[in-house]
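Undergrad: Provided herewith: data.pdb, PDB, C-alpha atoms.
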ATOM      1  CA  MET A  75     -42.025 -79.656  11.767
ATOM      2  CA  LYS A  76     -39.736 -82.508  12.502
ATOM      3  CA  LYS A  77     -38.078 -82.166  15.869
ATOM      4  CA  ILE A  78     -34.299 -82.500  15.767
ATOM      5  CA  LYS A  79     -33.093 -85.269  18.026
ATOM      6  CA  LYS A  80     -30.643 -84.124  20.686
ATOM      7  CA  ILE A  81     -27.767 -85.871  22.377
ATOM      8  CA  LYS A  82     -26.193 -85.135  25.731
ATOM      9  CA  ILE A  83     -22.433 -85.009  26.111
ATOM     10  CA  LYS A  84     -19.983 -83.952  28.805
ATOM     11  CA  LEU A  85     -17.652 -81.185  27.717
ATOM     12  CA  ASN A  86     -14.840 -80.281  30.120
ATOM     13  CA  GLY A  87     -16.878 -81.709  32.973
ATOM     14  CA  LYS A  88     -20.105 -79.884  32.102
ATOM     15  CA  SER A  89     -23.252 -81.317  30.491
ATOM     16  CA  LYS A  90     -24.054 -80.044  27.046
ATOM     17  CA  SER A  91     -26.907 -80.745  24.680
ATOM     18  CA  LEU A  92     -26.108 -80.985  20.978
ATOM     19  CA  PRO A  93     -28.090 -81.813  17.848
ATOM     20  CA  ASP A  94     -27.770 -85.464  16.908
ATOM     21  CA  SER A  95     -25.120 -86.211  14.283
ATOM     22  CA  THR A  96     -22.867 -83.350  15.340
ATOM     23  CA  TYR A  97     -19.308 -83.894  14.212
ATOM     24  CA  LEU A  98     -16.414 -82.880  16.440
ATOM     25  CA  PRO A  99     -15.146 -80.110  14.099
ATOM     26  CA  ASP A 100     -18.655 -78.557  14.119
ATOM     27  CA  LEU A 101     -18.549 -78.326  17.898
ATOM     28  CA  LEU A 102     -15.033 -76.849  17.910
ATOM     29  CA  LYS A 103     -16.032 -74.283  15.316
ATOM     30  CA  LYS A 104     -19.130 -73.334  17.287
ATOM     31  CA  LEU A 105     -17.031 -72.841  20.414
ATOM     32  CA  ASN A 106     -14.357 -70.924  18.521
ATOM     33  CA  ILE A 107     -11.583 -73.289  19.625
ATOM     34  CA  PRO A 108      -8.202 -72.836  17.882
ATOM     35  CA  ILE A 109      -7.456 -76.473  17.007
ATOM     36  CA  ASN A 110      -3.704 -75.908  16.663
ATOM     37  CA  LYS A 111      -3.473 -74.670  20.260
ATOM     38  CA  VAL A 112      -5.377 -77.437  22.037
ATOM     39  CA  ALA A 113      -5.434 -81.179  22.606
ATOM     40  CA  ILE A 114      -8.672 -83.127  22.658
ATOM     41  CA  GLU A 115      -9.655 -86.264  24.494
ATOM     42  CA  LEU A 116     -12.750 -88.251  23.603
ATOM     43  CA  ASN A 117     -13.756 -90.747  26.278
ATOM     44  CA  GLU A 118     -10.235 -90.604  27.731
ATOM     45  CA  GLU A 119      -8.555 -91.295  24.409
ATOM     46  CA  ILE A 120      -6.493 -88.626  22.733
ATOM     47  CA  ILE A 121      -7.803 -87.613  19.324
ATOM     48  CA  ASP A 122      -5.376 -87.436  16.438
ATOM     49  CA  LYS A 123      -6.140 -83.950  15.147
ATOM     50  CA  LYS A 124      -5.591 -85.109  11.556
ATOM     51  CA  LYS A 125      -8.488 -87.509  11.854
ATOM     52  CA  ILE A 126     -10.839 -85.112  13.554
ATOM     53  CA  ASN A 127     -13.220 -84.659  10.612
ATOM     54  CA  LYS A 128     -14.454 -88.243  10.796
ATOM     55  CA  ILE A 129     -15.515 -88.113  14.428
ATOM     56  CA  ARG A 130     -19.243 -88.047  15.033
ATOM     57  CA  LEU A 131     -20.363 -87.431  18.580
ATOM     58  CA  ASN A 132     -22.586 -89.872  20.430
ATOM     59  CA  GLU A 133     -24.804 -89.771  23.488
ATOM     60  CA  ASN A 134     -22.797 -89.676  26.750
ATOM     61  CA  ASP A 135     -19.487 -88.902  25.059
ATOM     62  CA  LYS A 136     -16.969 -87.281  27.354
ATOM     63  CA  ILE A 137     -14.845 -84.613  25.725
ATOM     64  CA  GLU A 138     -11.919 -82.810  27.283
ATOM     65  CA  ILE A 139     -10.308 -79.865  25.522
ATOM     66  CA  VAL A 140      -7.085 -78.632  27.109
ATOM     67  CA  HIS A 141      -4.464 -76.011  26.399
ATOM     68  CA  PHE A 142      -1.410 -74.449  28.012
ATOM     69  CA  ILE A 143      -1.758 -71.916  30.783
ATOM     70  CA  GLY A 144       0.717 -70.344  33.176
ATOM     71  CA  GLY A 145       2.325 -72.807  35.591
ATOM     72  CA  GLY A 146       5.518 -73.513  37.503
TER      73      GLY A 146
ATOM     74  CA  MET B 107      36.820 -68.481  26.853
ATOM     75  CA  LYS B 108      35.460 -71.954  26.102
ATOM     76  CA  LYS B 109      31.753 -71.983  25.309
ATOM     77  CA  ASP B 110      29.808 -73.204  28.294
ATOM     78  CA  ASN B 111      26.743 -74.787  26.730
ATOM     79  CA  PHE B 112      23.645 -75.773  28.637
ATOM     80  CA  VAL B 113      22.458 -79.005  27.039
ATOM     81  CA  ILE B 114      19.276 -80.913  27.844
ATOM     82  CA  ALA B 115      18.348 -84.022  25.857
ATOM     83  CA  LYS B 116      20.977 -83.067  23.245
ATOM     84  CA  LYS B 117      19.461 -79.620  22.731
ATOM     85  CA  LYS B 118      21.505 -76.490  23.472
ATOM     86  CA  PHE B 119      20.048 -73.595  25.414
ATOM     87  CA  ASN B 120      21.488 -70.152  26.082
ATOM     88  CA  SER B 121      20.190 -69.409  29.550
ATOM     89  CA  ARG B 122      20.611 -71.659  32.566
ATOM     90  CA  LEU B 123      17.614 -69.984  34.143
ATOM     91  CA  ILE B 124      14.273 -71.689  33.496
ATOM     92  CA  VAL B 125      11.225 -69.768  34.657
ATOM     93  CA  GLY B 126       7.678 -70.722  35.469
ATOM     94  CA  THR B 127       4.719 -68.844  34.011
ATOM     95  CA  GLY B 128       2.321 -69.186  36.956
ATOM     96  CA  LYS B 129       1.217 -66.718  39.629
ATOM     97  CA  TYR B 130       1.666 -63.536  37.577
ATOM     98  CA  LYS B 131      -0.957 -60.797  37.769
ATOM     99  CA  SER B 132      -1.441 -60.838  34.013
ATOM    100  CA  MET B 133      -0.194 -62.499  30.852
ATOM    101  CA  SER B 134       1.592 -59.323  29.821
ATOM    102  CA  GLU B 135       3.403 -59.120  33.164
ATOM    103  CA  CYS B 136       4.414 -62.762  32.782
ATOM    104  CA  ALA B 137       5.677 -62.218  29.229
ATOM    105  CA  LYS B 138       7.712 -59.161  30.224
ATOM    106  CA  ALA B 139       9.272 -60.883  33.252
ATOM    107  CA  ILE B 140      10.288 -63.818  31.065
ATOM    108  CA  LYS B 141      11.870 -61.521  28.532
ATOM    109  CA  LEU B 142      13.841 -59.703  31.231
ATOM    110  CA  SER B 143      14.961 -62.978  32.838
ATOM    111  CA  GLY B 144      16.575 -64.024  29.570
ATOM    112  CA  ALA B 145      15.145 -67.537  29.958
ATOM    113  CA  ASP B 146      14.643 -69.585  26.841
ATOM    114  CA  ILE B 147      12.684 -72.356  28.544
ATOM    115  CA  VAL B 148       9.435 -71.758  30.416
ATOM    116  CA  THR B 149       7.253 -74.214  32.271
ATOM    117  CA  VAL B 150       3.552 -74.305  31.437
ATOM    118  CA  ALA B 151       0.567 -76.183  32.845
ATOM    119  CA  VAL B 152      -2.065 -78.168  30.958
ATOM    120  CA  ARG B 153      -5.628 -77.220  31.881
ATOM    121  CA  ARG B 154      -9.157 -77.279  30.499
ATOM    122  CA  VAL B 155     -10.022 -74.594  27.952
ATOM    123  CA  ASN B 156     -12.566 -72.130  29.329
ATOM    124  CA  ILE B 157     -15.580 -73.015  27.233
ATOM    125  CA  THR B 158     -17.904 -70.336  28.569
ATOM    126  CA  ASP B 159     -15.538 -67.370  28.237
ATOM    127  CA  ARG B 160     -13.663 -67.664  24.982
ATOM    128  CA  ASN B 161     -12.309 -64.119  25.181
ATOM    129  CA  LYS B 162      -9.779 -64.943  27.888
ATOM    130  CA  PRO B 163      -6.218 -64.294  26.704
ATOM    131  CA  LEU B 164      -4.163 -67.323  25.680
ATOM    132  CA  LEU B 165      -0.616 -67.922  26.903
ATOM    133  CA  MET B 166       0.507 -68.749  23.377
ATOM    134  CA  ASP B 167      -0.574 -65.284  22.228
ATOM    135  CA  TYR B 168       1.839 -63.712  24.708
ATOM    136  CA  ILE B 169       4.729 -66.165  24.708
ATOM    137  CA  ASP B 170       5.632 -67.438  21.264
ATOM    138  CA  PRO B 171       6.393 -71.181  21.474
ATOM    139  CA  LYS B 172       8.545 -70.824  18.355
ATOM    140  CA  LYS B 173      10.897 -68.485  20.213
ATOM    141  CA  ILE B 174      10.681 -69.837  23.762
ATOM    142  CA  THR B 175      10.731 -73.559  24.552
ATOM    143  CA  TYR B 176       7.568 -74.594  26.350
ATOM    144  CA  LEU B 177       8.157 -77.176  29.047
ATOM    145  CA  PRO B 178       4.763 -78.684  29.881
ATOM    146  CA  ASN B 179       4.450 -79.785  33.481
ATOM    147  CA  THR B 180       2.198 -82.155  35.381
ATOM    148  CA  ALA B 181       1.493 -79.797  38.257
ATOM    149  CA  GLY B 182      -1.517 -80.912  40.240
ATOM    150  CA  CYS B 183      -1.038 -84.604  39.393
ATOM    151  CA  PHE B 184      -0.893 -87.012  42.302
ATOM    152  CA  THR B 185      -0.673 -90.315  40.422
ATOM    153  CA  ALA B 186       1.407 -91.729  37.586
ATOM    154  CA  LYS B 187      -1.831 -92.246  35.624
ATOM    155  CA  ASP B 188      -2.772 -88.555  35.807
ATOM    156  CA  ALA B 189       0.757 -87.416  34.989
ATOM    157  CA  LEU B 190       0.958 -89.664  31.928
ATOM    158  CA  ARG B 191      -2.467 -88.516  30.716
ATOM    159  CA  THR B 192      -1.451 -84.865  31.108
ATOM    160  CA  LEU B 193       1.847 -85.181  29.273
ATOM    161  CA  ARG B 194       0.356 -87.218  26.428
ATOM    162  CA  LEU B 195      -2.159 -84.391  25.981
ATOM    163  CA  ALA B 196       0.634 -81.812  26.155
ATOM    164  CA  ARG B 197       2.497 -83.658  23.412
ATOM    165  CA  GLU B 198      -0.641 -83.625  21.295
ATOM    166  CA  ILE B 199      -1.067 -79.847  21.594
ATOM    167  CA  GLY B 200       2.037 -79.239  19.576
ATOM    168  CA  GLY B 201       4.435 -82.106  19.401
ATOM    169  CA  TRP B 202       6.202 -81.329  22.658
ATOM    170  CA  LYS B 203       8.442 -84.136  23.833
ATOM    171  CA  LEU B 204      10.524 -82.261  26.377
ATOM    172  CA  VAL B 205       8.433 -82.318  29.546
ATOM    173  CA  LYS B 206       8.635 -81.672  33.251
ATOM    174  CA  LEU B 207       7.350 -84.573  35.303
ATOM    175  CA  GLU B 208       6.055 -83.618  38.711
ATOM    176  CA  VAL B 209       3.979 -86.100  40.703
ATOM    177  CA  LEU B 210       3.098 -84.755  44.109
ATOM    178  CA  GLY B 211       2.393 -86.815  47.179
ATOM    179  CA  ASP B 212       1.025 -84.355  49.724
ATOM    180  CA  LYS B 213      -1.235 -81.367  49.208
ATOM    181  CA  LYS B 214       0.282 -79.372  52.054
ATOM    182  CA  ASN B 215       4.031 -79.797  51.780
ATOM    183  CA  LEU B 216       3.900 -80.522  48.015
ATOM    184  CA  PHE B 217       6.739 -83.009  48.263
ATOM    185  CA  PRO B 218       7.014 -85.345  45.279
ATOM    186  CA  ASP B 219       5.715 -88.906  45.465
ATOM    187  CA  MET B 220       8.880 -90.613  44.303
ATOM    188  CA  ILE B 221       7.329 -94.053  43.770
ATOM    189  CA  GLU B 222       4.776 -92.637  41.314
ATOM    190  CA  THR B 223       7.428 -90.348  39.830
ATOM    191  CA  LEU B 224       9.762 -93.250  39.141
ATOM    192  CA  LYS B 225       6.978 -95.311  37.547
ATOM    193  CA  SER B 226       5.998 -92.391  35.310
ATOM    194  CA  THR B 227       9.602 -91.725  34.286
ATOM    195  CA  GLU B 228       9.986 -95.304  33.046
ATOM    196  CA  VAL B 229       6.808 -95.161  30.963
ATOM    197  CA  LEU B 230       7.469 -91.698  29.529
ATOM    198  CA  ALA B 231      11.056 -92.537  28.552
ATOM    199  CA  LYS B 232       9.807 -95.652  26.740
ATOM    200  CA  GLU B 233       7.234 -93.539  24.894
ATOM    201  CA  GLY B 234       9.985 -91.270  23.584
ATOM    202  CA  PHE B 235       9.473 -88.330  25.911
ATOM    203  CA  LYS B 236      12.466 -86.321  27.093
ATOM    204  CA  VAL B 237      11.736 -86.213  30.783
ATOM    205  CA  MET B 238      12.989 -83.606  33.202
ATOM    206  CA  VAL B 239      12.067 -84.970  36.590
ATOM    207  CA  TYR B 240      11.121 -82.971  39.648
ATOM    208  CA  CYS B 241      12.311 -84.971  42.640
ATOM    209  CA  ASN B 242      13.354 -84.780  46.254
ATOM    210  CA  ASP B 243      16.989 -84.244  47.176
ATOM    211  CA  ASP B 244      17.715 -87.946  47.676
ATOM    212  CA  PRO B 245      20.830 -89.107  45.784
ATOM    213  CA  LEU B 246      19.619 -92.721  45.644
ATOM    214  CA  MET B 247      16.304 -91.750  44.092
ATOM    215  CA  ALA B 248      18.095 -89.446  41.657
ATOM    216  CA  LYS B 249      20.192 -92.417  40.537
ATOM    217  CA  ARG B 250      17.082 -94.529  40.053
ATOM    218  CA  LEU B 251      15.522 -91.795  37.921
ATOM    219  CA  GLU B 252      18.653 -91.687  35.793
ATOM    220  CA  ASN B 253      18.530 -95.455  35.318
ATOM    221  CA  ALA B 254      14.832 -95.200  34.431
ATOM    222  CA  GLY B 255      15.662 -92.911  31.491
ATOM    223  CA  ALA B 256      15.328 -89.369  32.833
ATOM    224  CA  ASP B 257      16.920 -86.579  30.775
ATOM    225  CA  ALA B 258      17.416 -84.150  33.660
ATOM    226  CA  ILE B 259      17.300 -84.444  37.429
ATOM    227  CA  MET B 260      15.457 -81.598  39.105
ATOM    228  CA  PRO B 261      15.794 -81.823  42.874
ATOM    229  CA  LEU B 262      13.906 -79.387  45.058
ATOM    230  CA  ALA B 263      15.773 -76.809  47.095
ATOM    231  CA  ALA B 264      12.827 -76.664  49.517
ATOM    232  CA  PRO B 265       9.038 -77.124  49.219
ATOM    233  CA  ILE B 266       7.434 -75.508  46.144
ATOM    234  CA  GLY B 267       6.770 -71.816  46.632
ATOM    235  CA  SER B 268       8.312 -71.802  50.125
ATOM    236  CA  GLY B 269      11.189 -69.436  49.363
ATOM    237  CA  LEU B 270      13.391 -71.230  51.890
ATOM    238  CA  GLY B 271      16.404 -71.615  49.604
ATOM    239  CA  ILE B 272      18.616 -74.706  49.395
ATOM    240  CA  LEU B 273      18.105 -76.762  52.539
ATOM    241  CA  ASN B 274      20.469 -79.623  51.845
ATOM    242  CA  LYS B 275      23.547 -78.476  49.974
ATOM    243  CA  ILE B 276      25.427 -81.703  50.634
ATOM    244  CA  ASN B 277      22.754 -83.867  48.993
ATOM    245  CA  ILE B 278      22.586 -81.541  45.993
ATOM    246  CA  GLN B 279      26.371 -81.791  45.595
ATOM    247  CA  ILE B 280      26.247 -85.585  45.819
ATOM    248  CA  ILE B 281      23.470 -85.701  43.213
ATOM    249  CA  ARG B 282      25.538 -83.437  40.931
ATOM    250  CA  LYS B 283      28.696 -85.491  41.393
ATOM    251  CA  GLN B 284      27.172 -88.882  40.706
ATOM    252  CA  THR B 285      25.289 -88.165  37.480
ATOM    253  CA  LYS B 286      26.087 -87.296  33.882
ATOM    254  CA  LEU B 287      22.649 -85.717  33.468
ATOM    255  CA  PRO B 288      21.971 -82.022  33.920
ATOM    256  CA  VAL B 289      20.942 -81.201  37.485
ATOM    257  CA  ILE B 290      18.505 -78.311  37.768
ATOM    258  CA  ILE B 291      17.343 -76.951  41.097
ATOM    259  CA  ASP B 292      13.575 -76.806  40.940
ATOM    260  CA  ALA B 293      11.386 -75.226  43.599
ATOM    261  CA  GLY B 294      11.910 -73.456  46.882
ATOM    262  CA  LEU B 295      14.224 -70.595  45.945
ATOM    263  CA  GLY B 296      13.402 -67.252  47.528
ATOM    264  CA  GLN B 297      15.875 -64.688  46.248
ATOM    265  CA  ALA B 298      18.531 -64.258  43.605
ATOM    266  CA  SER B 299      21.438 -65.309  45.853
ATOM    267  CA  ASP B 300      19.775 -68.749  46.272
ATOM    268  CA  ALA B 301      20.220 -69.235  42.536
ATOM    269  CA  THR B 302      23.880 -68.218  42.778
ATOM    270  CA  ILE B 303      24.416 -70.780  45.535
ATOM    271  CA  ALA B 304      22.741 -73.471  43.436
ATOM    272  CA  MET B 305      25.044 -72.707  40.534
ATOM    273  CA  GLU B 306      28.104 -72.579  42.797
ATOM    274  CA  LEU B 307      27.253 -76.053  44.045
ATOM    275  CA  GLY B 308      27.743 -77.137  40.445
ATOM    276  CA  CYS B 309      24.124 -77.335  39.344
ATOM    277  CA  ASP B 310      23.544 -76.895  35.637
ATOM    278  CA  GLY B 311      20.534 -74.645  35.963
ATOM    279  CA  VAL B 312      17.721 -73.421  38.167
ATOM    280  CA  LEU B 313      13.970 -73.271  37.735
ATOM    281  CA  VAL B 314      12.212 -70.348  39.393
ATOM    282  CA  ASN B 315       8.589 -69.290  39.455
ATOM    283  CA  THR B 316       7.209 -67.901  42.726
ATOM    284  CA  ALA B 317      10.350 -65.997  43.743
ATOM    285  CA  ILE B 318      10.017 -63.867  40.599
ATOM    286  CA  ALA B 319       6.248 -63.796  40.083
ATOM    287  CA  ASN B 320       5.399 -62.943  43.691
ATOM    288  CA  ALA B 321       8.287 -60.543  44.322
ATOM    289  CA  LYS B 322       7.151 -56.973  44.990
ATOM    290  CA  LYS B 323       8.856 -56.007  41.746
ATOM    291  CA  PRO B 324       8.782 -59.063  39.456
ATOM    292  CA  PHE B 325      10.639 -57.380  36.586
ATOM    293  CA  GLU B 326      13.555 -56.318  38.761
ATOM    294  CA  MET B 327      13.650 -59.757  40.389
ATOM    295  CA  ALA B 328      13.682 -61.413  36.957
ATOM    296  CA  ILE B 329      16.767 -59.369  36.079
ATOM    297  CA  ALA B 330      18.347 -60.170  39.461
ATOM    298  CA  PHE B 331      17.880 -63.911  38.894
ATOM    299  CA  LYS B 332      19.330 -63.661  35.397
ATOM    300  CA  HIS B 333      22.532 -62.135  36.744
ATOM    301  CA  ALA B 334      22.593 -64.393  39.817
ATOM    302  CA  VAL B 335      22.614 -67.516  37.643
ATOM    303  CA  ILE B 336      25.368 -66.150  35.401
ATOM    304  CA  ALA B 337      27.428 -65.077  38.437
ATOM    305  CA  GLY B 338      26.999 -68.445  40.150
ATOM    306  CA  ARG B 339      28.020 -70.371  37.061
ATOM    307  CA  GLN B 340      31.081 -68.150  36.494
ATOM    308  CA  SER B 341      32.042 -68.517  40.129
ATOM    309  CA  PHE B 342      31.721 -72.311  39.984
ATOM    310  CA  LYS B 343      33.802 -72.521  36.812
ATOM    311  CA  SER B 344      36.460 -70.218  38.262
ATOM    312  CA  GLY B 345      37.424 -72.549  41.116
ATOM    313  CA  ARG B 346      36.948 -71.090  44.545
ATOM    314  CA  ILE B 347      39.767 -70.771  47.105
ATOM    315  CA  ASN B 348      40.153 -73.207  49.968
ATOM    316  CA  LYS B 349      38.563 -72.337  53.281
ATOM    317  CA  THR B 350      40.958 -71.722  56.173
ATOM    318  CA  LEU B 351      40.298 -71.286  59.849
ATOM    319  CA  MET B 352      42.651 -68.337  60.310
ATOM    320  CA  GLY B 353      43.138 -65.128  58.356
ATOM    321  CA  ASN B 354      45.489 -64.731  55.415
ATOM    322  CA  ALA B 355      46.485 -61.095  54.776
ATOM    323  CA  SER B 356      45.773 -59.738  51.321
ATOM    324  CA  SER B 357      48.505 -57.050  51.480
ATOM    325  CA  PRO B 358      52.216 -57.951  51.639
ATOM    326  CA  THR B 359      53.656 -58.062  55.156
ATOM    327  CA  LYS B 360      57.133 -57.174  53.835
ATOM    328  CA  GLY B 361      58.092 -53.508  53.852
ATOM    329  CA  ILE B 362      55.658 -52.393  56.503
ATOM    330  CA  ILE B 363      56.788 -49.032  57.921
TER     331      ILE B 363
END
Using the file provided, produce a representation of the structure as structure tokens.

TA:
Amino acid sequence: MKKIKKIKIKLNGKSKSLPDSTYLPDLLKKLNIPINKVAIELNEEIIDKKKINKIRLNENDKIEIVHFIGGG
Amino acid sequence: MKKDNFVIAKKKFNSRLIVGTGKYKSMSECAKAIKLSGADIVTVAVRRVNITDRNKPLLMDYIDPKKITYLPNTAGCFTAKDALRTLRLAREIGGWKLVKLEVLGDKKNLFPDMIETLKSTEVLAKEGFKVMVYCNDDPLMAKRLENAGADAIMPLAAPIGSGLGILNKINIQIIRKQTKLPVIIDAGLGQASDATIAMELGCDGVLVNTAIANAKKPFEMAIAFKHAVIAGRQSFKSGRINKTLMGNASSPTKGII
């Protein structure tokens, strides 16, 4: 059996291992993230949510997913 | 009576009370307090999504951003770079352009770093944000923020969460007098009467979080603040009497038996 190559990324500050050639929407779906209620940064650049489908994740990518919480 | 609109960045709002959504025991408590306060703007913070526990309740499920205006803040930011990053992300979440800029300079007293705040205001205004700026009660700095493109000046009454009330009424009055922008007292109020005083000084609104959320009875305090802001505004618009050193009898002195 062919072993699937893995990549390591940082997601919200924590290391995460993903199958190679994971696309960003796959990850969001897996994590059950409501796209319309979050903003996403990839390597400190904000992702245009309309173009999300084209983004393939690479080794050492840093992803931040943020939303609104209570604050003053 | 002439309609007394509360306008920020050309948008009209009904309530002059803006409330924060932090420090509540639960989302439902927060949502109910907001409803009772009558506020139609609430401040919110931008934070990482909890990846490991996806069952945590979401603010947007309790407070509908279509009905209540979300005012994203930059709480916890200590540099212009962090504040800009946060607000650009906030804009991306849902197209928010009206934001509360808050760049702090000291972790203990939570006073704003006005140099970083001013820098951020300039950049944000150029990027098309409508910036409501948390600042100290310095009239000169307030003027600089206005010149840098701020949409509202939000001087502190006292340190964030301190409950001390308005410490420098004179400065607040000078700030109000010198600017065309809305002036909103942000931070440091402790009880409803503090909000009335702010409004009587001529401020256009107040922003309250801790005084409601941490009150023993947050719902009752939310209602108290709602009325306090209305009372203060009415009082300001009504034109108070002059102060005199000696007494001035309320009943006629003629015809005394």

Undergrad: Got a sec to resolve the ChimeraX specification (/B :<10) & /A on this structure and send the residues as an mmCIF file with C-alpha atoms, in the frame of the given file?

TA:
data_model
loop_
_atom_site.group_PDB
_atom_site.id
_atom_site.type_symbol
_atom_site.label_atom_id
_atom_site.label_comp_id
_atom_site.auth_asym_id
_atom_site.auth_seq_id
_atom_site.Cartn_x
_atom_site.Cartn_y
_atom_site.Cartn_z
ATOM 1 C CA LEU A 85 -17.652 -81.185 27.717
ATOM 2 C CA ASN A 86 -14.840 -80.281 30.120
ATOM 3 C CA GLY A 87 -16.878 -81.709 32.973
ATOM 4 C CA LYS A 88 -20.105 -79.884 32.102
ATOM 5 C CA LEU A 105 -17.031 -72.841 20.414
ATOM 6 C CA ASN A 106 -14.357 -70.924 18.521
ATOM 7 C CA ILE A 107 -11.583 -73.289 19.625
ATOM 8 C CA ILE A 109 -7.456 -76.473 17.007
ATOM 9 C CA ASN A 110 -3.704 -75.908 16.663
ATOM 10 C CA LYS A 111 -3.473 -74.670 20.260
ATOM 11 C CA VAL A 112 -5.377 -77.437 22.037
ATOM 12 C CA ALA A 113 -5.434 -81.179 22.606
ATOM 13 C CA ILE A 114 -8.672 -83.127 22.658
ATOM 14 C CA GLU A 115 -9.655 -86.264 24.494
ATOM 15 C CA GLU A 118 -10.235 -90.604 27.731
ATOM 16 C CA GLU A 119 -8.555 -91.295 24.409
ATOM 17 C CA ILE A 120 -6.493 -88.626 22.733
ATOM 18 C CA ILE A 121 -7.803 -87.613 19.324
ATOM 19 C CA ASP A 122 -5.376 -87.436 16.438
ATOM 20 C CA LYS A 123 -6.140 -83.950 15.147
ATOM 21 C CA GLU A 138 -11.919 -82.810 27.283
ATOM 22 C CA ILE A 139 -10.308 -79.865 25.522
ATOM 23 C CA VAL A 140 -7.085 -78.632 27.109
ATOM 24 C CA HIS A 141 -4.464 -76.011 26.399
ATOM 25 C CA PHE A 142 -1.410 -74.449 28.012
ATOM 26 C CA ILE A 143 -1.758 -71.916 30.783
ATOM 27 C CA GLY A 144 0.717 -70.344 33.176
ATOM 28 C CA GLY A 145 2.325 -72.807 35.591
ATOM 29 C CA GLY A 146 5.518 -73.513 37.503
#

Undergrad: Choose the residue, out of A:Ile78, A:Asp94, A:Asn117, A:Lys103, that has the smallest atom-to-atom separation from Ile137 of chain A; count all atoms listed in the file.

TA: A:Asn117

Undergrad: Kindly give the distance, in Å, that separates atom CA of Met260 of chain B and atom CA of Val239 of chain B, rounded to a single decimal.

TA: 5.4 Å

Undergrad: Can you translate the PyMOL selection byres ((chain B and resi 273-286) around 12) into the concrete residues it hits in this file, as number ranges by chain?

TA: B: 113-115, 241-253, 256-265, 268-272, 287-296, 300, 303-311

Undergrad: Set up a box along x, y and z of the file covering all listed atoms of segment 84-91 of chain A, add 6 Å on every one of the six sides, and write the centre and edge lengths in Å to one decimal, as lines of an AutoDock Vina configuration file.

TA:
center_x = -20.9
center_y = -81.9
center_z = 28.8
size_x = 24.1
size_y = 16.1
size_z = 20.3

Undergrad: What separation in Å, quoted to one decimal, exists between atom CA of Lys173 of chain B and atom CA of Ile147 of chain B?

TA: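 According to the coordinates, atom CA of Lys173 of chain B and atom CA of Ile147 of chain B are separated by 9.4 Å.
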
Undergrad: Quick one: pull the distance between atom CA of Ile129 of chain A and atom CA of Lys79 of chain A, Å, one decimal.

TA: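 Atom-to-atom, atom CA of Ile129 of chain A and atom CA of Lys79 of chain A are spaced 18.2 Å apart.
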
Undergrad: Excluding Glu228 of chain B and any residue of its chain fewer than 4 positions from it, enumerate the residues within 7 Å of it, using only C-alpha atoms, and give them as JSON, numbers by chain.

TA: {"B": [224, 232, 254, 255]}

Undergrad: Hey, what comes out of the PyMOL selection byres ((chain B and resi 320-325) around 9) on this file? Could you write it as a list in words?

TA: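 Taken on the displayed file, the PyMOL selection byres ((chain B and resi 320-325) around 9) yields the residues Lys129, Tyr130, Lys131, Glu135, Cys136, Lys138, Ala139, Ile140, Leu142, Ser143, Gln297, Asn315, Thr316, Ala317, Ile318, Ala319, Glu326, Met327, Ala328, Ile329 and Ala330 of chain B.
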
Undergrad: I'd like the contact shell of Ala301 of chain B - 7 Å cut-off, only C-alpha atoms, skipping same-chain residues fewer than 5 positions apart - returned as a VMD selection string.

TA: chain B and resid 312 331 334 to 335

Undergrad: Pick out the closest residue to Cys183 of chain B from this set: B:Lys203, B:Lys213, B:Lys162, B:Lys343. Count all atoms listed in the file.

TA: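 Ranking B:Lys203, B:Lys213, B:Lys162, B:Lys343 by distance to Cys183 of chain B, first place goes to B:Lys213.
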
Undergrad: Nearest residue to Ile126 of chain A out of A:Lys90, A:Lys82, A:Lys77, A:Leu98, using all atoms listed in the file?

TA: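 Closest residue, counting all atoms listed in the file: A:Leu98.
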